[in-house]
Amino acid sequence: MPEFLHRFSMRKTLWALVLPALWNAVWIPAAQGAPQSDPPVDPRADNPLARDFAYCAGRLSAEAAHREDRELMALKRAMQDLLAAVIAPETAPSYEELRIAGHVSQTELLALSRFSFDTEEAHRAETLAESNIRHCRNMLLGG
């Protein structure tokens with residue numbers, strides 16, 4: 001039993017250290033209306049529609065992994081197919097970086113919504129994560 005308590009307190013301590021840093025870096029600027037900085041734009045990743053496809057493929061990937069949902073994985077693959085259809089093959093690595101950025105940002109929101117000790121913060125993160133996925137679904141399904 002003491003080992004369990006020790007592991008629990010270590011996890012709690014870790015999250016207590018990590019979540020405030022995530023909060024300060026991601027959520028506070030967004031909540032205050034500050035423009036969120038996108039990752040540096042590679043000049044080869046200049047197609048706005050393809051950028052949206054790449055971000056959404058990453059967001060759908062993170063959500064599918066979080067929920068272990070096959071439907072979301074199918075939507076992610078469809079988004080990746082759309083992305084491949086609108087970009088030149090030599091620009092694929094630039095868009096892959098954007099896909100990873102979308103995955104990371106969605107994963108951070110999901111972590112905040114699940115592990116935040118502040119229920120209002122958790123609710124805001126969950127709402128934003130749902131909004132991101134709704135936007136991506138609308139791009140694929142037309143609303």
# chains A, B, ... in the order shown; residues from 1 in each chain; ligands from 1
call {"tool": "residues_around", "arguments": {"residues": "range 94-111 of chain A", "least_positions_apart": "5", "cutoff": "7 Å", "atoms": "only C-alpha atoms", "output": "JSON, numbers by chain"}}
result
{"A": [42, 44, 45, 51, 54, 55, 56, 57, 58, 59, 61, 62, 125, 126, 129]}
call {"tool": "write_last_selection", "arguments": {"atoms": "N, CA and C atoms", "output": "compact mmCIF listing (two decimals), in the first residue's frame"}}
result
# COMPACT_ATOMS: atom_id res chain seq x y z
N ASP A 42 7.03 27.31 -42.93
CA ASP A 42 7.99 26.95 -43.95
C ASP A 42 7.46 27.55 -45.26
N ARG A 44 7.56 26.59 -48.08
CA ARG A 44 6.98 25.57 -48.95
C ARG A 44 5.59 25.18 -48.50
N ALA A 45 5.20 25.52 -47.27
CA ALA A 45 3.87 25.19 -46.74
C ALA A 45 2.98 26.42 -46.85
N ARG A 51 -2.66 23.62 -45.20
CA ARG A 51 -2.27 23.83 -43.80
C ARG A 51 -3.39 23.37 -42.87
N ALA A 54 -3.50 19.64 -42.79
CA ALA A 54 -2.41 19.07 -42.00
C ALA A 54 -2.69 19.20 -40.50
N TYR A 55 -3.10 20.41 -40.06
CA TYR A 55 -3.43 20.59 -38.64
C TYR A 55 -4.55 19.63 -38.22
N CYS A 56 -5.58 19.51 -39.04
CA CYS A 56 -6.70 18.65 -38.69
C CYS A 56 -6.30 17.18 -38.68
N ALA A 57 -5.45 16.77 -39.59
CA ALA A 57 -4.99 15.37 -39.56
C ALA A 57 -4.30 15.09 -38.23
N GLY A 58 -3.50 16.04 -37.75
CA GLY A 58 -2.85 15.87 -36.46
C GLY A 58 -3.83 15.89 -35.30
N ARG A 59 -4.78 16.80 -35.34
CA ARG A 59 -5.78 16.86 -34.26
C ARG A 59 -6.62 15.58 -34.21
N SER A 61 -5.73 12.67 -35.29
CA SER A 61 -4.85 11.60 -34.84
C SER A 61 -4.76 11.57 -33.32
N ALA A 62 -4.58 12.74 -32.71
CA ALA A 62 -4.49 12.81 -31.25
C ALA A 62 -5.80 12.40 -30.60
N ALA A 125 -10.58 23.76 -21.65
CA ALA A 125 -9.73 22.94 -22.52
C ALA A 125 -10.57 21.92 -23.28
N GLU A 126 -11.51 21.30 -22.58
CA GLU A 126 -12.39 20.31 -23.23
C GLU A 126 -13.23 20.98 -24.33
N ALA A 129 -10.97 21.72 -27.32
CA ALA A 129 -10.63 20.48 -28.01
C ALA A 129 -11.81 20.00 -28.85
call {"tool": "atom_distance", "arguments": {"atom1": "CA of Leu49 in chain A", "atom2": "CA of Val86 in chain A"}}
result
8.3 Å
call {"tool": "atom_distance", "arguments": {"atom1": "CA of Ala64 in chain A", "atom2": "CA of Pro48 in chain A"}}
result
24.0 Å
call {"tool": "atom_distance", "arguments": {"atom1": "CA of Ala50 in chain A", "atom2": "CA of Ser113 in chain A"}}
result
28.1 Å
call {"tool": "residues_around", "arguments": {"residues": "Ile133 in chain A", "least_positions_apart": "2", "cutoff": "8 Å", "atoms": "only C-alpha atoms", "output": "list in words"}}
result
Cys56, Arg59, Leu60, Glu63, Ala129, Glu130, Ser131, His135, Cys136 and Arg137 of chain A
call {"tool": "write_last_selection", "arguments": {"atoms": "N, CA and C atoms", "output": "mmCIF file, in the first residue's frame"}}
result
data_model
loop_
_atom_site.group_PDB
_atom_site.id
_atom_site.type_symbol
_atom_site.label_atom_id
_atom_site.label_comp_id
_atom_site.auth_asym_id
_atom_site.auth_seq_id
_atom_site.Cartn_x
_atom_site.Cartn_y
_atom_site.Cartn_z
ATOM 1 N N CYS A 56 -5.577 19.515 -39.044
ATOM 2 C CA CYS A 56 -6.704 18.647 -38.694
ATOM 3 C C CYS A 56 -6.303 17.180 -38.682
ATOM 4 N N ARG A 59 -4.783 16.801 -35.337
ATOM 5 C CA ARG A 59 -5.784 16.858 -34.265
ATOM 6 C C ARG A 59 -6.617 15.584 -34.214
ATOM 7 N N LEU A 60 -7.047 15.111 -35.385
ATOM 8 C CA LEU A 60 -7.838 13.878 -35.434
ATOM 9 C C LEU A 60 -7.016 12.682 -34.954
ATOM 10 N N GLU A 63 -6.895 12.853 -31.145
ATOM 11 C CA GLU A 63 -8.204 12.528 -30.579
ATOM 12 C C GLU A 63 -8.490 11.030 -30.722
ATOM 13 N N ALA A 129 -10.966 21.720 -27.315
ATOM 14 C CA ALA A 129 -10.627 20.475 -28.012
ATOM 15 C C ALA A 129 -11.810 20.000 -28.855
ATOM 16 N N GLU A 130 -13.012 20.060 -28.297
ATOM 17 C CA GLU A 130 -14.215 19.660 -29.041
ATOM 18 C C GLU A 130 -14.449 20.581 -30.234
ATOM 19 N N SER A 131 -14.206 21.869 -30.048
ATOM 20 C CA SER A 131 -14.368 22.829 -31.138
ATOM 21 C C SER A 131 -13.394 22.535 -32.279
ATOM 22 N N HIS A 135 -14.545 21.484 -36.058
ATOM 23 C CA HIS A 135 -14.054 22.197 -37.247
ATOM 24 C C HIS A 135 -13.494 21.209 -38.273
ATOM 25 N N CYS A 136 -12.714 20.251 -37.799
ATOM 26 C CA CYS A 136 -12.113 19.269 -38.708
ATOM 27 C C CYS A 136 -13.172 18.363 -39.330
ATOM 28 N N ARG A 137 -14.129 17.926 -38.537
ATOM 29 C CA ARG A 137 -15.220 17.098 -39.072
ATOM 30 C C ARG A 137 -16.002 17.871 -40.138
#
call {"tool": "select_by_dssp", "arguments": {"residues": "range 81-127 of chain A", "states": "alpha helix (DSSP H)", "output": "ChimeraX atom specification"}}
result
/A:81-86,92-115,119-127
call {"tool": "closest_residue", "arguments": {"among": "A:Glu68, A:Leu75, A:Asp118, A:Leu83", "to": "Asp52 in chain A", "atoms": "only C-alpha atoms"}}
result
A:Leu83
